file entry-v9.pdb (PDB, N, CA and C atoms, pLDDT in the B column)
ATOM      1  N   ASN J 466      61.442 -56.860  64.723  1.00 84.00           N
ATOM      2  CA  ASN J 466      62.604 -56.084  65.062  1.00 84.00           C
ATOM      3  C   ASN J 466      62.205 -54.943  65.994  1.00 84.00           C
ATOM      4  N   LEU J 467      63.143 -54.408  66.671  1.00 89.00           N
ATOM      5  CA  LEU J 467      62.905 -53.400  67.705  1.00 89.00           C
ATOM      6  C   LEU J 467      62.245 -52.138  67.159  1.00 89.00           C
ATOM      7  N   MET J 468      62.699 -51.658  66.020  1.00 88.00           N
ATOM      8  CA  MET J 468      62.125 -50.426  65.470  1.00 88.00           C
ATOM      9  C   MET J 468      60.669 -50.622  65.062  1.00 88.00           C
ATOM     10  N   MET J 469      60.295 -51.810  64.620  1.00 91.00           N
ATOM     11  CA  MET J 469      58.895 -52.092  64.291  1.00 91.00           C
ATOM     12  C   MET J 469      58.042 -52.052  65.557  1.00 91.00           C
ATOM     13  N   GLN J 470      58.580 -52.555  66.667  1.00 94.00           N
ATOM     14  CA  GLN J 470      57.859 -52.495  67.942  1.00 94.00           C
ATOM     15  C   GLN J 470      57.677 -51.045  68.378  1.00 94.00           C
ATOM     16  N   PHE J 471      58.721 -50.248  68.248  1.00 93.00           N
ATOM     17  CA  PHE J 471      58.617 -48.826  68.600  1.00 93.00           C
ATOM     18  C   PHE J 471      57.618 -48.114  67.688  1.00 93.00           C
ATOM     19  N   ASP J 472      57.577 -48.508  66.421  1.00 92.00           N
ATOM     20  CA  ASP J 472      56.645 -47.901  65.479  1.00 92.00           C
ATOM     21  C   ASP J 472      55.200 -48.155  65.910  1.00 92.00           C
ATOM     22  N   LYS J 473      54.924 -49.339  66.416  1.00 95.00           N
ATOM     23  CA  LYS J 473      53.573 -49.655  66.899  1.00 95.00           C
ATOM     24  C   LYS J 473      53.239 -48.865  68.157  1.00 95.00           C
ATOM     25  N   LYS J 474      54.222 -48.689  69.024  1.00 96.00           N
ATOM     26  CA  LYS J 474      53.995 -47.979  70.283  1.00 96.00           C
ATOM     27  C   LYS J 474      53.925 -46.463  70.077  1.00 96.00           C
ATOM     28  N   TYR J 475      54.715 -45.947  69.152  1.00 95.00           N
ATOM     29  CA  TYR J 475      54.784 -44.505  68.884  1.00 95.00           C
ATOM     30  C   TYR J 475      54.574 -44.248  67.385  1.00 95.00           C
ATOM     31  N   PRO J 476      53.375 -44.468  66.872  1.00 94.00           N
ATOM     32  CA  PRO J 476      53.153 -44.373  65.427  1.00 94.00           C
ATOM     33  C   PRO J 476      53.386 -42.982  64.832  1.00 94.00           C
ATOM     34  N   ASP J 477      53.300 -41.947  65.632  1.00 94.00           N
ATOM     35  CA  ASP J 477      53.507 -40.589  65.120  1.00 94.00           C
ATOM     36  C   ASP J 477      54.951 -40.308  64.723  1.00 94.00           C
ATOM     37  N   PHE J 478      55.873 -41.212  65.065  1.00 90.00           N
ATOM     38  CA  PHE J 478      57.294 -40.983  64.805  1.00 90.00           C
ATOM     39  C   PHE J 478      57.850 -41.810  63.649  1.00 90.00           C
ATOM     40  N   TYR J 479      57.059 -42.702  63.075  1.00 88.00           N
ATOM     41  CA  TYR J 479      57.447 -43.446  61.868  1.00 88.00           C
ATOM     42  C   TYR J 479      58.779 -44.189  62.013  1.00 88.00           C
ATOM     43  N   PHE J 480      58.988 -44.817  63.166  1.00 88.00           N
ATOM     44  CA  PHE J 480      60.259 -45.509  63.401  1.00 88.00           C
ATOM     45  C   PHE J 480      60.542 -46.612  62.381  1.00 88.00           C
ATOM     46  N   SER J 481      59.512 -47.270  61.867  1.00 87.00           N
ATOM     47  CA  SER J 481      59.759 -48.363  60.917  1.00 87.00           C
ATOM     48  C   SER J 481      60.285 -47.862  59.577  1.00 87.00           C
ATOM     49  N   SER J 482      60.069 -46.593  59.274  1.00 85.00           N
ATOM     50  CA  SER J 482      60.509 -46.090  57.976  1.00 85.00           C
ATOM     51  C   SER J 482      61.893 -45.452  57.994  1.00 85.00           C
ATOM     52  N   HIS J 483      62.434 -45.156  59.172  1.00 77.00           N
ATOM     53  CA  HIS J 483      63.749 -44.505  59.178  1.00 77.00           C
ATOM     54  C   HIS J 483      64.764 -45.158  60.098  1.00 77.00           C
ATOM     55  N   LYS J 484      64.358 -46.139  60.869  1.00 70.00           N
ATOM     56  CA  LYS J 484      65.277 -46.933  61.707  1.00 70.00           C
ATOM     57  C   LYS J 484      66.103 -46.107  62.684  1.00 70.00           C
ATOM     58  N   GLY J 485      65.568 -44.970  63.105  1.00 67.00           N
ATOM     59  CA  GLY J 485      66.250 -44.164  64.109  1.00 67.00           C
ATOM     60  C   GLY J 485      67.046 -42.994  63.569  1.00 67.00           C
ATOM     61  N   TYR J 486      67.131 -42.879  62.241  1.00 74.00           N
ATOM     62  CA  TYR J 486      67.861 -41.754  61.664  1.00 74.00           C
ATOM     63  C   TYR J 486      67.009 -40.491  61.708  1.00 74.00           C
ATOM     64  N   GLY J 487      67.648 -39.355  61.727  1.00 78.00           N
ATOM     65  CA  GLY J 487      66.947 -38.081  61.827  1.00 78.00           C
ATOM     66  C   GLY J 487      66.421 -37.578  60.493  1.00 78.00           C
ATOM     67  N   THR J 488      65.398 -38.223  59.968  1.00 85.00           N
ATOM     68  CA  THR J 488      64.805 -37.772  58.714  1.00 85.00           C
ATOM     69  C   THR J 488      63.988 -36.504  58.954  1.00 85.00           C
ATOM     70  N   LYS J 489      63.648 -35.808  57.880  1.00 88.00           N
ATOM     71  CA  LYS J 489      62.823 -34.605  58.005  1.00 88.00           C
ATOM     72  C   LYS J 489      61.486 -34.928  58.660  1.00 88.00           C
ATOM     73  N   LEU J 490      60.891 -36.055  58.275  1.00 88.00           N
ATOM     74  CA  LEU J 490      59.604 -36.462  58.835  1.00 88.00           C
ATOM     75  C   LEU J 490      59.716 -36.723  60.334  1.00 88.00           C
ATOM     76  N   HIS J 491      60.786 -37.398  60.735  1.00 86.00           N
ATOM     77  CA  HIS J 491      60.987 -37.703  62.151  1.00 86.00           C
ATOM     78  C   HIS J 491      61.254 -36.430  62.958  1.00 86.00           C
ATOM     79  N   LYS J 492      62.059 -35.553  62.417  1.00 87.00           N
ATOM     80  CA  LYS J 492      62.341 -34.292  63.108  1.00 87.00           C
ATOM     81  C   LYS J 492      61.075 -33.461  63.255  1.00 87.00           C
ATOM     82  N   ALA J 493      60.219 -33.483  62.249  1.00 92.00           N
ATOM     83  CA  ALA J 493      58.945 -32.760  62.330  1.00 92.00           C
ATOM     84  C   ALA J 493      58.052 -33.365  63.410  1.00 92.00           C
ATOM     85  N   ALA J 494      58.079 -34.695  63.546  1.00 91.00           N
ATOM     86  CA  ALA J 494      57.285 -35.362  64.580  1.00 91.00           C
ATOM     87  C   ALA J 494      57.781 -34.989  65.971  1.00 91.00           C
ATOM     88  N   ILE J 495      59.099 -34.894  66.152  1.00 90.00           N
ATOM     89  CA  ILE J 495      59.652 -34.480  67.443  1.00 90.00           C
ATOM     90  C   ILE J 495      59.213 -33.054  67.757  1.00 90.00           C
ATOM     91  N   LYS J 496      59.267 -32.201  66.755  1.00 91.00           N
ATOM     92  CA  LYS J 496      58.862 -30.809  66.963  1.00 91.00           C
ATOM     93  C   LYS J 496      57.382 -30.715  67.342  1.00 91.00           C
ATOM     94  N   LYS J 497      56.555 -31.526  66.705  1.00 95.00           N
ATOM     95  CA  LYS J 497      55.112 -31.488  66.943  1.00 95.00           C
ATOM     96  C   LYS J 497      54.700 -32.181  68.235  1.00 95.00           C
ATOM     97  N   HIS J 498      55.285 -33.364  68.519  1.00 94.00           N
ATOM     98  CA  HIS J 498      54.834 -34.206  69.625  1.00 94.00           C
ATOM     99  C   HIS J 498      55.781 -34.244  70.823  1.00 94.00           C
ATOM    100  N   GLY J 499      56.981 -33.686  70.679  1.00 91.00           N
ATOM    101  CA  GLY J 499      57.975 -33.821  71.741  1.00 91.00           C
ATOM    102  C   GLY J 499      58.693 -35.153  71.601  1.00 91.00           C
ATOM    103  N   ILE J 500      59.564 -35.456  72.537  1.00 90.00           N
ATOM    104  CA  ILE J 500      60.317 -36.708  72.466  1.00 90.00           C
ATOM    105  C   ILE J 500      59.606 -37.804  73.248  1.00 90.00           C
ATOM    106  N   THR J 501      59.978 -39.043  72.957  1.00 92.00           N
ATOM    107  CA  THR J 501      59.446 -40.205  73.660  1.00 92.00           C
ATOM    108  C   THR J 501      60.494 -40.678  74.669  1.00 92.00           C
ATOM    109  N   PRO J 502      60.129 -41.603  75.539  1.00 92.00           N
ATOM    110  CA  PRO J 502      61.120 -42.141  76.482  1.00 92.00           C
ATOM    111  C   PRO J 502      62.290 -42.858  75.802  1.00 92.00           C
ATOM    112  N   ILE J 503      62.126 -43.254  74.551  1.00 88.00           N
ATOM    113  CA  ILE J 503      63.217 -43.977  73.879  1.00 88.00           C
ATOM    114  C   ILE J 503      64.186 -43.053  73.148  1.00 88.00           C
ATOM    115  N   HIS J 504      63.864 -41.787  73.014  1.00 86.00           N
ATOM    116  CA  HIS J 504      64.785 -40.856  72.359  1.00 86.00           C
ATOM    117  C   HIS J 504      66.031 -40.630  73.226  1.00 86.00           C
ATOM    118  N   ARG J 505      67.186 -40.584  72.566  1.00 81.00           N
ATOM    119  CA  ARG J 505      68.443 -40.309  73.271  1.00 81.00           C
ATOM    120  C   ARG J 505      68.510 -38.819  73.564  1.00 81.00           C
ATOM    121  N   LYS J 506      68.410 -38.481  74.812  1.00 81.00           N
ATOM    122  CA  LYS J 506      68.348 -37.078  75.212  1.00 81.00           C
ATOM    123  C   LYS J 506      69.690 -36.356  75.085  1.00 81.00           C
ATOM    124  N   THR J 507      70.758 -37.094  74.854  1.00 79.00           N
ATOM    125  CA  THR J 507      72.079 -36.488  74.667  1.00 79.00           C
ATOM    126  C   THR J 507      72.395 -36.265  73.188  1.00 79.00           C
ATOM    127  N   PHE J 508      71.535 -36.726  72.303  1.00 74.00           N
ATOM    128  CA  PHE J 508      71.746 -36.586  70.860  1.00 74.00           C
ATOM    129  C   PHE J 508      71.453 -35.158  70.425  1.00 74.00           C
ATOM    130  N   LYS J 509      72.327 -34.583  69.627  1.00 70.00           N
ATOM    131  CA  LYS J 509      72.208 -33.178  69.230  1.00 70.00           C
ATOM    132  C   LYS J 509      70.839 -32.836  68.639  1.00 70.00           C
ATOM    133  N   GLY J 510      70.263 -33.719  67.850  1.00 66.00           N
ATOM    134  CA  GLY J 510      68.978 -33.463  67.227  1.00 66.00           C
ATOM    135  C   GLY J 510      67.794 -33.507  68.176  1.00 66.00           C
ATOM    136  N   VAL J 511      68.008 -33.999  69.387  1.00 67.00           N
ATOM    137  CA  VAL J 511      66.929 -34.127  70.374  1.00 67.00           C
ATOM    138  C   VAL J 511      67.012 -33.054  71.444  1.00 67.00           C
ATOM    139  N   ILE J 512      68.200 -32.558  71.706  1.00 60.00           N
ATOM    140  CA  ILE J 512      68.389 -31.554  72.756  1.00 60.00           C
ATOM    141  C   ILE J 512      67.603 -30.297  72.404  1.00 60.00           C
ATOM    142  N   ALA J 513      66.827 -29.825  73.367  1.00 53.00           N
ATOM    143  CA  ALA J 513      65.993 -28.634  73.123  1.00 53.00           C
ATOM    144  C   ALA J 513      66.841 -27.389  73.025  1.00 53.00           C
TER     145      ALA J 513
END

call {"tool": "encode", "arguments": {"input": "entry-v9.pdb", "output": "structure tokens"}}
result
Amino acid sequence: NLMMQFDKKYPDFYFSSHKGYGTKLHKAAIKKHGITPIHRKTFKGVIA
């Protein structure tokens, strides 16, 4: 599935465990590592 592929490419974001939802772990990864090319830049949780 697509999220498993993203998880392999971007392991710091744990895509396989949250399927794209804004979990605390995922939000912490964005804060620490920045966003990836697959993040929706118009999404409220991603906008700087």

call {"tool": "residues_near_point", "arguments": {"input": "entry-v9.pdb", "point": "(69.6, -37.8, 62.5)", "cutoff": "12 Å", "atoms": "only C-alpha atoms", "output": "list in words"}}
result
His483, Lys484, Gly485, Tyr486, Gly487, Thr488, Lys489, Leu490, His491, Lys492, Ala493, Ile495, His504, Arg505, Phe508, Lys509, Gly510 and Val511 of chain J

call {"tool": "select_by_dssp", "arguments": {"input": "entry-v9.pdb", "residues": "chain J", "states": "helix (DSSP H, G or I)", "output": "VMD selection string"}}
result
chain J and resid 467 to 474 476 to 478 480 to 483 489 to 498

call {"tool": "closest_residue", "arguments": {"input": "entry-v9.pdb", "among": "J:Pro502, J:Lys497, J:Ser482, J:Thr507", "to": "Met469 of chain J", "atoms": "all atoms listed in the file"}}
result
J:Ser482

call {"tool": "atom_distance", "arguments": {"input": "entry-v9.pdb", "atom1": "atom CA of Gly499 of chain J", "atom2": "atom N of Asn466 of chain J"}}
result
24.3 Å

call {"tool": "atom_distance", "arguments": {"input": "entry-v9.pdb", "atom1": "atom N of Phe478 of chain J", "atom2": "atom N of Ala494 of chain J"}}
result
7.0 Å

call {"tool": "residues_around", "arguments": {"input": "entry-v9.pdb", "residues": "Met468 of chain J", "least_positions_apart": "4", "cutoff": "7 Å", "atoms": "only C-alpha atoms", "output": "PDB file with N, CA and C atoms, keeping the file's coordinate frame"}}
result
ATOM      1  N   ASP J 472      57.577 -48.508  66.421  1.00 92.00           N
ATOM      2  CA  ASP J 472      56.645 -47.901  65.479  1.00 92.00           C
ATOM      3  C   ASP J 472      55.200 -48.155  65.910  1.00 92.00           C
ATOM      4  N   PHE J 480      58.988 -44.817  63.166  1.00 88.00           N
ATOM      5  CA  PHE J 480      60.259 -45.509  63.401  1.00 88.00           C
ATOM      6  C   PHE J 480      60.542 -46.612  62.381  1.00 88.00           C
ATOM      7  N   SER J 481      59.512 -47.270  61.867  1.00 87.00           N
ATOM      8  CA  SER J 481      59.759 -48.363  60.917  1.00 87.00           C
ATOM      9  C   SER J 481      60.285 -47.862  59.577  1.00 87.00           C
ATOM     10  N   LYS J 484      64.358 -46.139  60.869  1.00 70.00           N
ATOM     11  CA  LYS J 484      65.277 -46.933  61.707  1.00 70.00           C
ATOM     12  C   LYS J 484      66.103 -46.107  62.684  1.00 70.00           C
TER      13      LYS J 484
END

call {"tool": "atom_distance", "arguments": {"input": "entry-v9.pdb", "atom1": "atom CA of Lys473 of chain J", "atom2": "atom N of Thr501 of chain J"}}
result
13.8 Å
